[in-house]
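Engineer: Quick one: structure below, then a few questions.
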There are 4 protein chains.
Amino acid sequence: MSYTLSRSGLLDKLLGDPEVEILLSDQADIDAMLRFELALAKAQNKVGLISDISLGAIETAIAAVDFSVADLTDGVAKDGLVVPALVRAIRASLPESAKADFHKGTTSQDLIDSSLMMRLVDVIDIFRQRLDCILDQLDLLSTQDGHLDLMARTRMQRALPFTVKDKLDTWAAPLRELRATIPGDFPLQLGGPIGTLGQMGDHADEIAKDLAARLGLRHPARSWHTDRRPLLQFANWSAELSSSLGKIGQDVALMSQNEILDITITGGGSSSAMPHKNNPVLAEVLVALAHYNATLMGGLHNAALHENERSGAAWTLEWMLFPQIVTTTGAALKTVASLLSRVKF
Amino acid sequence: MSYTLSRSGLLDKLLGDPEVEILLSDQADIDAMLRFELALAKAQNKVGLISDISLGAIETAIAAVDFSVADLTDGVAKDGLVVPALVRAIRASLPESAKADFHKGTTSQDLIDSSLMMRLVDVIDIFRQRLDCILDQLDLLSTQDGHLDLMARTRMQRALPFTVKDKLDTWAAPLRELRATIPGDFPLQLGGPIGTLGQMGDHADEIAKDLAARLGLRHPARSWHTDRRPLLQFANWSAELSSSLGKIGQDVALMSQNEILDITITGGGSSSAMPHKNNPVLAEVLVALAHYNATLMGGLHNAALHENERSGAAWTLEWMLFPQIVTTTGAALKTVASLLSRVKF
Amino acid sequence: MSYTLSRSGLLDKLLGDPEVEILLSDQADIDAMLRFELALAKAQNKVGLISDISLGAIETAIAAVDFSVADLTDGVAKDGLVVPALVRAIRASLPESAKADFHKGTTSQDLIDSSLMMRLVDVIDIFRQRLDCILDQLDLLSTQDGHLDLMARTRMQRALPFTVKDKLDTWAAPLRELRATIPGDFPLQLGGPIGTLGQMGDHADEIAKDLAARLGLRHPARSWHTDRRPLLQFANWSAELSSSLGKIGQDVALMSQNEILDITITGGGSSSAMPHKNNPVLAEVLVALAHYNATLMGGLHNAALHENERSGAAWTLEWMLFPQIVTTTGAALKTVASLLSRVKF
Amino acid sequence: MSYTLSRSGLLDKLLGDPEVEILLSDQADIDAMLRFELALAKAQNKVGLISDISLGAIETAIAAVDFSVADLTDGVAKDGLVVPALVRAIRASLPESAKADFHKGTTSQDLIDSSLMMRLVDVIDIFRQRLDCILDQLDLLSTQDGHLDLMARTRMQRALPFTVKDKLDTWAAPLRELRATIPGDFPLQLGGPIGTLGQMGDHADEIAKDLAARLGLRHPARSWHTDRRPLLQFANWSAELSSSLGKIGQDVALMSQNEILDITITGGGSSSAMPHKNNPVLAEVLVALAHYNATLMGGLHNAALHENERSGAAWTLEWMLFPQIVTTTGAALKTVASLLSRVKF
């Protein structure tokens, strides 16, 4: 389920990341769930669990489906998630004989978690490209200005002289390692109502493998309904990234203080009251985004603890936190790219 | 500045609170800022700081202003907040002689913080009404079913018998106290560029008093640019409320377990895979909202620490957290009212 | 139950607060619990619930009790709290006729929560004295140096000139308000096994009133076993205080940067590698303590949500968080006093 | 620096982990720092940076050193960390000619971070053994009782029947994966005053490689003074582990409810007021430890953001959080082993 921040316009360009947000939108979520259902039907047909006729009917129904958002929203309000209403809507357009063959042996969580994983694959593509650009920017700055002298500062005091290259290296090194360890493991979720895939019979594993391949996801040894570590690991990498970017912001804000001017920022923020101000807005935003993600991480670790075979409470909490961590990280990447294009040593 | 969560439709009815969200929208924010500027001009005119002609021009300009959202958004992206662009837009339509009399001696933070306070006054009206309704619901349940026997449970084990009234009392008592201590202190923010009101001369205090009265806010002894306790106190009360409501959800989820059935919920959530399920969705949502607010509270306390006379980073972080605490609390009030109307002891 | 941080020596003087820690020690906890039991017996005797003979035996047993810490620790490991072992130990030395009259109608939580409240009364005395001293220090600095010019800085940039007095006012104002709203409400906890005081009969309220008076606590309308707001309110005030103190640290660290030197610190920290360094250690510690408390606040709000009539999990979590918030706040008060004695504008 | 929790006795056996705590004690910290200094001197001697005579003198001084804890504690209070006092104490016993060869080109952070890494190697040995035992316990339970029927429960409601083996698999699967990804990367910290190893000349890299080998640490490409991801990764794995263990506690607490009794716990906690109670204390403790670690994780991500070449504030905050995450995880491992030995399906 999506729970993206909207800033209704005004804060969009400062704190948002439209490119990532669209991947976490309701529409993208539903589209991915439908792709999941279709691929599942194909995989189940392949092993003979559902008939060709049923598959054909499901294909037709999914292709033709035209949801009323209002209906779905009412369904979410009642059921706590969108899947029952979505399944009802599609089943309603299926012939009687195919109804039971749709959404067969699967469950809401399979759709919702797999849909998220499918879209994280695309998110990571964006993050990878942005990271590469930022590393290029840092390399370019190093080539241009790396030889310049700079004062290293520890514990808020002048320490010893080093160079702009040394400083840039401390910014680039964690980013380079995060680039090298960029998330690449996106497991399919497929467990059925209680995680055991019991209703798919002997073909369960075969279906899962085929389904994973169709969706571009990894085929895991078992379902992970109550084991939220795939999301924790993505989030932790993201939070490491946003704090590594926040550190650049923190440094730039300190280095661009008027008396220090180790760095200048062109096109800084103006003040409504003090025309002489040149506020390090992007640097401050990076610090804010890093601390925002840190805050959400505490919550996400709390949400990782499901009771029994599925926790409605923990899972709902996760929806409120995880997508925000992703978009906040995206915004930090966007912001640092913009900031680096404006700094001058 | 506003930073409300949008659920793009699907999660709106489950986790949202449109009535409160509209008070925290960009539009409401800008409207309140304009009311602030107009009231400030009137207060400054009253003590002779700006002329009748300037006041008239400001009134006309504010009444006529028609912002381009795109312009404002670009301004936010550059300046980190909307006020400089907003002031520029209005000043552009003022005669030369009145330009300096607009936004005189004040600063972005005065507008943004006061605008928030003005709208929290309205938020609290909504919360008060909802709390009263919930207390009525609890009273009614107590009258109807209070005499019924119930098992008290401590540390997840049966303890001793008590009554439905005893249980309802534990739900109502904190809500009653929170109702009695509902936030009622909404201070004006007015400090000028560096918090000292230096540019308003000898009339500073008189202007502040008049302005506060015009805006329905308290006249504080001094500005609170870097002292975020007014927001912390509102948020802490809100988080106490959402955890008191979350406790009801937690109890209902436990009491409605199939083997226990101390309570039944009508119209619970359905499952996409298990037709017999009657999931305690609203109860789970209450638990999720409580833990979400708890998560945000940790961040808000971090954001309370401003460096020097204004922190861009801490303040931006606050914008990302505080409005969400308010809307989450509103959603919890809405949800508990709905849940209480569906439970049966 | 106590769960204080110990720094085994090395960090004691940097981050500790022995004066407060001793009030939160096991010994102080047990002493307060025994005072509770004795006062309860007296209050129950006064209304005739237990006989003079029982009271006398209880007085003797409590006066003579000599716990084996090992026994108590084993009891905690088994029961999750110390009270069952403590009650067993005292009951063992009572004559048969008095055994049932000891710990009559009360429960572990009554002892543990009341014991904490009793000691918070003393903690607040210490905090009050320290706050008064700090406000005196700030007044003195203002008298001495208040007239000096200083540069106000917003968003990390030079804003406009003001004075040392203006700066000191921003530090003192929140402290003065926190001093004026210092916690003064310390409710007795008395609910018996399930919070209803059912086993104390018609005299329950009379006993509670008398007991509260004997222990220097407020007599609340009802027990608050699952309503943790008394602790949340104390903690929130404490976290507001530690962030107000952390702000002073943050400012001093920024103001004492070599190129700025708006303030100098005598006796700053030395470096193992750079003899010229004069690190603003106390200022940094204040920032760390503020963020540490902010972190714990997020957890404490999570711990506020008890299931049914008592949550072992939430309560244990509270023990791990609350005492640390108290001692961290104490350490921040101690640290700012030391820092203010070393700064020079 | 160490900042371990002490429970002064009473809570030691419930929430503590003496075996891990001793590795994080002051004494273990100082011992590791001395091993670091000695190994550094040897590595520097090997490349000819310091003379044989200096090395001999350093070996003698380190072997003979007898710190006054009081001296060190005063040093920490002044300098914010123990290293300057420790270096002073050893230098005082060195001949003049060797003084400059001791602690040559290194800095406090090299000692403190490397000392932590050295001890984490030992911590992980303990964690590995405990994890193996727990996995054996789960295997044994599965062999014994795996065939028994059990009700799967989702969203707090009965879902469908499965078996004890299915339930145990959901507990074991994340633990097995965490066992497979147990932290194994413990990088040396060696950067000198500003992270660049500038004062070790051309031999810097050679010294670092040799030193890492002597201390059993990885030789990293560069220092990580401001890149706290090695600690974040250890902590994140730990928090994933403690929430996977907390999930077992959560399940057991729910399954052992009187009306459900899917599981019984022998030797549960007794109540001071209700003799019939059998409280699931260990299960509750696991939930509390998981949420405690989640709380600390939020703070640790905040502490990951260092300003410039070293942040005193962020680093001090890290000391307050990281060791607690380690010991909390250790306590959770201990507790689950104890709990699993007492459950009966």
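Each chain in the structure tokens gets a letter, A, B and so on, in the order shown; residues start at 1 in every chain, and ligands are counted from 1 in the order they appear.
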What's the 9 Å shell around Ala28 of chain C, counting only C-alpha atoms, without same-chain residues fewer than 5 positions away, as number ranges by chain?

Structural biologist: C: 22-23, 33, 115, 119

Engineer: Give me, as a tab-separated table, each residue of chain C that comes within 6 Å of chain B, together with its shortest interatomic pair and the distance in Å at one decimal, counting only C-alpha atoms, with rows ordered by chain and rising residue number.

Structural biologist:
residue	atom	partner	partner_atom	distance
C:Arg153	CA	B:Glu309	CA	5.5
C:Thr154	CA	B:Arg310	CA	4.5
C:Arg155	CA	B:Ser311	CA	4.9
C:Ser243	CA	B:Leu305	CA	5.7
C:Lys247	CA	B:Leu305	CA	5.4
C:Gln250	CA	B:Glu307	CA	5.9
C:Asp251	CA	B:Asn308	CA	5.4
C:His291	CA	B:Asn302	CA	5.7
C:Ala294	CA	B:His301	CA	4.9
C:Thr295	CA	B:Gly298	CA	5.3
C:Met297	CA	B:Gly298	CA	5.4
C:Gly298	CA	B:Gly298	CA	3.9
C:His301	CA	B:Ala294	CA	4.9
C:Asn302	CA	B:Ala294	CA	5.5
C:Leu305	CA	B:Lys247	CA	5.4
C:Glu307	CA	B:Asp251	CA	5.7
C:Asn308	CA	B:Asp251	CA	5.4
C:Glu309	CA	B:Thr154	CA	5.0
C:Arg310	CA	B:Thr154	CA	4.5
C:Ser311	CA	B:Arg155	CA	4.9
C:Gly312	CA	B:Arg155	CA	5.0

Engineer: Please provide as an MDAnalysis selection string all residues within 8 Å of Ala39 of chain D, with the sequence filter that same-chain residues fewer than 4 positions apart are discarded (counting only C-alpha atoms).

Structural biologist: chainID D and resid 35 43 211 214:215

Engineer: Neighbouring residues of Ile53 of chain A were defined as those with any atom within 10 Å, considering only C-alpha atoms; residues of the same chain fewer than 4 positions away were excluded. Please report them as a list in words.

Structural biologist: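 The filter keeps Asn45, Ala57, Ile58, Glu59, Pro95, Ser97 and Ala98 of chain A.
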
Engineer: With all heavy atoms retained, export the selected residues as a PDB file, in the first residue's frame.

Structural biologist:
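The result, stored in result_11.pdb:
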ATOM      1  N   ASN A  45      -1.573 -21.826 -14.616  1.00  0.00           N
ATOM      2  CA  ASN A  45      -2.043 -22.528 -15.809  1.00  0.00           C
ATOM      3  C   ASN A  45      -0.965 -23.460 -16.359  1.00  0.00           C
ATOM      4  O   ASN A  45      -1.234 -24.587 -16.764  1.00  0.00           O
ATOM      5  CB  ASN A  45      -2.457 -21.502 -16.866  1.00  0.00           C
ATOM      6  CG  ASN A  45      -2.729 -22.138 -18.219  1.00  0.00           C
ATOM      7  OD1 ASN A  45      -1.907 -22.063 -19.116  1.00  0.00           O
ATOM      8  ND2 ASN A  45      -3.889 -22.802 -18.348  1.00  0.00           N
ATOM      9  N   ALA A  57     -10.105 -16.038 -19.432  1.00  0.00           N
ATOM     10  CA  ALA A  57     -11.088 -15.145 -18.813  1.00  0.00           C
ATOM     11  C   ALA A  57     -10.417 -14.143 -17.884  1.00  0.00           C
ATOM     12  O   ALA A  57     -10.781 -12.966 -17.836  1.00  0.00           O
ATOM     13  CB  ALA A  57     -12.117 -15.988 -18.051  1.00  0.00           C
ATOM     14  N   ILE A  58      -9.417 -14.616 -17.149  1.00  0.00           N
ATOM     15  CA  ILE A  58      -8.698 -13.721 -16.216  1.00  0.00           C
ATOM     16  C   ILE A  58      -7.948 -12.644 -17.004  1.00  0.00           C
ATOM     17  O   ILE A  58      -7.977 -11.463 -16.644  1.00  0.00           O
ATOM     18  CB  ILE A  58      -7.740 -14.547 -15.326  1.00  0.00           C
ATOM     19  CG1 ILE A  58      -8.567 -15.388 -14.325  1.00  0.00           C
ATOM     20  CG2 ILE A  58      -6.759 -13.656 -14.595  1.00  0.00           C
ATOM     21  CD1 ILE A  58      -7.767 -16.460 -13.594  1.00  0.00           C
ATOM     22  N   GLU A  59      -7.313 -13.057 -18.088  1.00  0.00           N
ATOM     23  CA  GLU A  59      -6.596 -12.085 -18.929  1.00  0.00           C
ATOM     24  C   GLU A  59      -7.559 -11.004 -19.424  1.00  0.00           C
ATOM     25  O   GLU A  59      -7.263  -9.816 -19.358  1.00  0.00           O
ATOM     26  CB  GLU A  59      -5.944 -12.783 -20.122  1.00  0.00           C
ATOM     27  CG  GLU A  59      -4.672 -13.548 -19.758  1.00  0.00           C
ATOM     28  CD  GLU A  59      -4.015 -14.229 -20.957  1.00  0.00           C
ATOM     29  OE1 GLU A  59      -4.740 -14.940 -21.687  1.00  0.00           O
ATOM     30  OE2 GLU A  59      -2.809 -14.035 -21.164  1.00  0.00           O
ATOM     31  N   PRO A  95     -16.576 -15.149 -15.605  1.00  0.00           N
ATOM     32  CA  PRO A  95     -17.625 -16.171 -15.640  1.00  0.00           C
ATOM     33  C   PRO A  95     -17.533 -17.031 -14.375  1.00  0.00           C
ATOM     34  O   PRO A  95     -16.462 -17.173 -13.777  1.00  0.00           O
ATOM     35  CB  PRO A  95     -17.281 -16.994 -16.880  1.00  0.00           C
ATOM     36  CG  PRO A  95     -15.853 -16.706 -17.164  1.00  0.00           C
ATOM     37  CD  PRO A  95     -15.580 -15.331 -16.656  1.00  0.00           C
ATOM     38  N   SER A  97     -17.381 -20.049 -13.776  1.00  0.00           N
ATOM     39  CA  SER A  97     -16.425 -21.168 -13.759  1.00  0.00           C
ATOM     40  C   SER A  97     -14.997 -20.711 -13.457  1.00  0.00           C
ATOM     41  O   SER A  97     -14.171 -21.488 -12.989  1.00  0.00           O
ATOM     42  CB  SER A  97     -16.446 -21.866 -15.124  1.00  0.00           C
ATOM     43  OG  SER A  97     -15.967 -20.946 -16.111  1.00  0.00           O
ATOM     44  N   ALA A  98     -14.707 -19.455 -13.715  1.00  0.00           N
ATOM     45  CA  ALA A  98     -13.328 -18.980 -13.533  1.00  0.00           C
ATOM     46  C   ALA A  98     -13.127 -18.253 -12.211  1.00  0.00           C
ATOM     47  O   ALA A  98     -11.999 -17.965 -11.824  1.00  0.00           O
ATOM     48  CB  ALA A  98     -12.953 -18.045 -14.689  1.00  0.00           C
TER      49      ALA A  98
END

Engineer: Counting only C-alpha atoms, figure out which residue out of D:Arg88, D:Thr316, D:Thr329, D:Leu261 gets nearest to Leu286 of chain D.

Structural biologist: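 Checking each candidate against Leu286 of chain D, we get D:Thr329 as the closest.
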
Engineer: Can you pull out every residue from segment 247-289 of chain B that DSSP, working from the backbone, puts in alpha helix (DSSP H), and format the result as an mmCIF file with all heavy atoms, in the first residue's frame?

Structural biologist:
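Heads up, here's the output in result-v6.cif:
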data_model
loop_
_atom_site.group_PDB
_atom_site.id
_atom_site.type_symbol
_atom_site.label_atom_id
_atom_site.label_comp_id
_atom_site.auth_asym_id
_atom_site.auth_seq_id
_atom_site.Cartn_x
_atom_site.Cartn_y
_atom_site.Cartn_z
ATOM 1 N N LYS B 247 -4.611 2.517 22.891
ATOM 2 C CA LYS B 247 -4.835 1.511 23.930
ATOM 3 C C LYS B 247 -6.223 0.888 23.773
ATOM 4 O O LYS B 247 -6.385 -0.331 23.980
ATOM 5 C CB LYS B 247 -4.707 2.174 25.309
ATOM 6 C CG LYS B 247 -4.696 1.213 26.477
ATOM 7 C CD LYS B 247 -5.973 1.180 27.276
ATOM 8 C CE LYS B 247 -5.849 0.321 28.516
ATOM 9 N NZ LYS B 247 -5.553 -1.101 28.269
ATOM 10 N N ILE B 248 -7.206 1.674 23.420
ATOM 11 C CA ILE B 248 -8.549 1.126 23.175
ATOM 12 C C ILE B 248 -8.482 0.122 22.015
ATOM 13 O O ILE B 248 -9.028 -0.979 22.093
ATOM 14 C CB ILE B 248 -9.558 2.260 22.879
ATOM 15 C CG1 ILE B 248 -9.658 3.207 24.082
ATOM 16 C CG2 ILE B 248 -10.920 1.684 22.506
ATOM 17 C CD1 ILE B 248 -10.584 4.404 23.878
ATOM 18 N N GLY B 249 -7.786 0.526 20.950
ATOM 19 C CA GLY B 249 -7.632 -0.377 19.813
ATOM 20 C C GLY B 249 -6.931 -1.674 20.213
ATOM 21 O O GLY B 249 -7.374 -2.770 19.851
ATOM 22 N N GLN B 250 -5.848 -1.525 20.959
ATOM 23 C CA GLN B 250 -5.092 -2.702 21.406
ATOM 24 C C GLN B 250 -5.994 -3.636 22.217
ATOM 25 O O GLN B 250 -6.017 -4.853 22.002
ATOM 26 C CB GLN B 250 -3.914 -2.225 22.267
ATOM 27 C CG GLN B 250 -3.006 -3.308 22.761
ATOM 28 C CD GLN B 250 -2.172 -3.871 21.634
ATOM 29 O OE1 GLN B 250 -2.625 -4.712 20.849
ATOM 30 N NE2 GLN B 250 -0.965 -3.390 21.517
ATOM 31 N N ASP B 251 -6.734 -3.072 23.147
ATOM 32 C CA ASP B 251 -7.643 -3.887 23.964
ATOM 33 C C ASP B 251 -8.687 -4.580 23.100
ATOM 34 O O ASP B 251 -8.949 -5.777 23.263
ATOM 35 C CB ASP B 251 -8.359 -3.004 25.006
ATOM 36 C CG ASP B 251 -7.491 -2.719 26.221
ATOM 37 O OD1 ASP B 251 -6.298 -3.091 26.202
ATOM 38 O OD2 ASP B 251 -8.002 -2.114 27.178
ATOM 39 N N VAL B 252 -9.307 -3.842 22.201
ATOM 40 C CA VAL B 252 -10.369 -4.423 21.378
ATOM 41 C C VAL B 252 -9.818 -5.561 20.518
ATOM 42 O O VAL B 252 -10.449 -6.615 20.381
ATOM 43 C CB VAL B 252 -11.038 -3.341 20.512
ATOM 44 C CG1 VAL B 252 -11.982 -3.973 19.487
ATOM 45 C CG2 VAL B 252 -11.807 -2.357 21.401
ATOM 46 N N ALA B 253 -8.624 -5.356 19.958
ATOM 47 C CA ALA B 253 -8.036 -6.420 19.138
ATOM 48 C C ALA B 253 -7.814 -7.680 19.966
ATOM 49 O O ALA B 253 -8.054 -8.798 19.500
ATOM 50 C CB ALA B 253 -6.721 -5.938 18.513
ATOM 51 N N LEU B 254 -7.375 -7.504 21.207
ATOM 52 C CA LEU B 254 -7.155 -8.672 22.068
ATOM 53 C C LEU B 254 -8.474 -9.279 22.539
ATOM 54 O O LEU B 254 -8.630 -10.499 22.604
ATOM 55 C CB LEU B 254 -6.304 -8.280 23.285
ATOM 56 C CG LEU B 254 -4.825 -8.029 22.992
ATOM 57 C CD1 LEU B 254 -4.162 -7.295 24.142
ATOM 58 C CD2 LEU B 254 -4.104 -9.356 22.740
ATOM 59 N N MET B 255 -9.423 -8.420 22.888
ATOM 60 C CA MET B 255 -10.695 -8.905 23.423
ATOM 61 C C MET B 255 -11.549 -9.589 22.359
ATOM 62 O O MET B 255 -12.428 -10.384 22.694
ATOM 63 C CB MET B 255 -11.471 -7.731 24.034
ATOM 64 C CG MET B 255 -10.791 -7.136 25.261
ATOM 65 S SD MET B 255 -11.528 -5.532 25.709
ATOM 66 C CE MET B 255 -13.075 -6.080 26.467
ATOM 67 N N VAL B 281 -10.003 -4.360 11.934
ATOM 68 C CA VAL B 281 -9.193 -3.389 11.189
ATOM 69 C C VAL B 281 -9.066 -2.059 11.928
ATOM 70 O O VAL B 281 -7.975 -1.507 12.069
ATOM 71 C CB VAL B 281 -9.794 -3.174 9.781
ATOM 72 C CG1 VAL B 281 -9.134 -2.009 9.088
ATOM 73 C CG2 VAL B 281 -9.645 -4.443 8.957
ATOM 74 N N LEU B 282 -10.178 -1.529 12.396
ATOM 75 C CA LEU B 282 -10.106 -0.213 13.045
ATOM 76 C C LEU B 282 -9.271 -0.274 14.320
ATOM 77 O O LEU B 282 -8.559 0.680 14.655
ATOM 78 C CB LEU B 282 -11.517 0.299 13.349
ATOM 79 C CG LEU B 282 -12.404 0.511 12.112
ATOM 80 C CD1 LEU B 282 -13.788 0.985 12.546
ATOM 81 C CD2 LEU B 282 -11.775 1.502 11.156
ATOM 82 N N ALA B 283 -9.369 -1.369 15.024
ATOM 83 C CA ALA B 283 -8.561 -1.526 16.244
ATOM 84 C C ALA B 283 -7.076 -1.542 15.892
ATOM 85 O O ALA B 283 -6.252 -0.897 16.562
ATOM 86 C CB ALA B 283 -8.964 -2.810 16.964
ATOM 87 N N GLU B 284 -6.744 -2.258 14.847
ATOM 88 C CA GLU B 284 -5.343 -2.305 14.409
ATOM 89 C C GLU B 284 -4.864 -0.936 13.947
ATOM 90 O O GLU B 284 -3.719 -0.539 14.217
ATOM 91 C CB GLU B 284 -5.190 -3.307 13.270
ATOM 92 C CG GLU B 284 -5.496 -4.744 13.656
ATOM 93 C CD GLU B 284 -5.602 -5.652 12.440
ATOM 94 O OE1 GLU B 284 -6.338 -5.300 11.485
ATOM 95 O OE2 GLU B 284 -4.954 -6.692 12.435
ATOM 96 N N VAL B 285 -5.716 -0.243 13.225
ATOM 97 C CA VAL B 285 -5.336 1.095 12.750
ATOM 98 C C VAL B 285 -5.006 2.006 13.930
ATOM 99 O O VAL B 285 -4.040 2.776 13.894
ATOM 100 C CB VAL B 285 -6.465 1.694 11.883
ATOM 101 C CG1 VAL B 285 -6.306 3.202 11.731
ATOM 102 C CG2 VAL B 285 -6.488 1.019 10.510
ATOM 103 N N LEU B 286 -5.788 1.915 14.996
ATOM 104 C CA LEU B 286 -5.530 2.752 16.176
ATOM 105 C C LEU B 286 -4.153 2.461 16.772
ATOM 106 O O LEU B 286 -3.444 3.380 17.207
ATOM 107 C CB LEU B 286 -6.612 2.527 17.232
ATOM 108 C CG LEU B 286 -7.953 3.199 16.913
ATOM 109 C CD1 LEU B 286 -9.048 2.665 17.839
ATOM 110 C CD2 LEU B 286 -7.838 4.720 17.059
ATOM 111 N N VAL B 287 -3.788 1.198 16.802
ATOM 112 C CA VAL B 287 -2.467 0.845 17.316
ATOM 113 C C VAL B 287 -1.383 1.410 16.401
ATOM 114 O O VAL B 287 -0.390 1.994 16.862
ATOM 115 C CB VAL B 287 -2.331 -0.691 17.438
ATOM 116 C CG1 VAL B 287 -0.916 -1.080 17.841
ATOM 117 C CG2 VAL B 287 -3.347 -1.230 18.449
ATOM 118 N N ALA B 288 -1.593 1.272 15.094
ATOM 119 C CA ALA B 288 -0.603 1.781 14.136
ATOM 120 C C ALA B 288 -0.460 3.300 14.254
ATOM 121 O O ALA B 288 0.651 3.832 14.259
ATOM 122 C CB ALA B 288 -0.996 1.387 12.712
ATOM 123 N N LEU B 289 -1.577 3.998 14.371
ATOM 124 C CA LEU B 289 -1.513 5.462 14.479
ATOM 125 C C LEU B 289 -0.781 5.884 15.752
ATOM 126 O O LEU B 289 -0.003 6.843 15.748
ATOM 127 C CB LEU B 289 -2.928 6.062 14.449
ATOM 128 C CG LEU B 289 -3.700 5.899 13.121
ATOM 129 C CD1 LEU B 289 -5.158 6.353 13.307
ATOM 130 C CD2 LEU B 289 -3.058 6.688 11.987
#

Engineer: What are the DSSP strand (DSSP E) residues of segment 69-298 of chain C, as a PyMOL selection string?

Structural biologist: chain C and resi 149-154+157-163+264-265

Engineer: How would the residues just picked look written out with N, CA and C atoms as a tab-separated table (two decimals), in the first residue's frame?

Structural biologist:
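Produced file result-v5.tsv, reproduced below:
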chain	number	residue	atom	x	y	z
C	149	ASP	N	28.27	43.98	22.04
C	149	ASP	CA	27.68	43.70	20.72
C	149	ASP	C	27.90	42.24	20.33
C	150	LEU	N	26.97	41.73	19.60
C	150	LEU	CA	27.06	40.35	19.13
C	150	LEU	C	26.37	40.29	17.78
C	151	MET	N	26.76	39.36	16.97
C	151	MET	CA	26.10	39.18	15.69
C	151	MET	C	25.04	38.09	15.83
C	152	ALA	N	23.81	38.43	15.50
C	152	ALA	CA	22.78	37.39	15.44
C	152	ALA	C	22.95	36.63	14.13
C	153	ARG	N	22.70	35.35	14.17
C	153	ARG	CA	22.89	34.50	13.00
C	153	ARG	C	21.63	33.65	12.78
C	154	THR	N	21.15	33.67	11.58
C	154	THR	CA	20.01	32.82	11.25
C	154	THR	C	20.39	31.95	10.06
C	157	GLN	N	23.95	31.89	8.84
C	157	GLN	CA	24.54	33.08	8.20
C	157	GLN	C	24.37	34.29	9.11
C	158	ARG	N	25.28	35.24	8.99
C	158	ARG	CA	25.17	36.49	9.74
C	158	ARG	C	23.85	37.15	9.39
C	159	ALA	N	23.14	37.58	10.43
C	159	ALA	CA	21.86	38.23	10.19
C	159	ALA	C	22.01	39.73	10.48
C	160	LEU	N	21.82	40.10	11.72
C	160	LEU	CA	21.92	41.51	12.11
C	160	LEU	C	22.58	41.56	13.49
C	161	PRO	N	23.15	42.69	13.83
C	161	PRO	CA	23.74	42.81	15.17
C	161	PRO	C	22.67	42.89	16.25
C	162	PHE	N	22.96	42.27	17.36
C	162	PHE	CA	22.17	42.52	18.58
C	162	PHE	C	23.17	42.52	19.73
C	163	THR	N	22.78	42.14	20.91
C	163	THR	CA	23.70	42.21	22.04
C	163	THR	C	23.78	40.86	22.75
C	264	THR	N	34.51	32.53	24.11
C	264	THR	CA	35.64	31.63	24.32
C	264	THR	C	35.34	30.77	25.54
C	265	ILE	N	35.88	29.57	25.52
C	265	ILE	CA	35.68	28.64	26.63
C	265	ILE	C	37.03	28.41	27.27
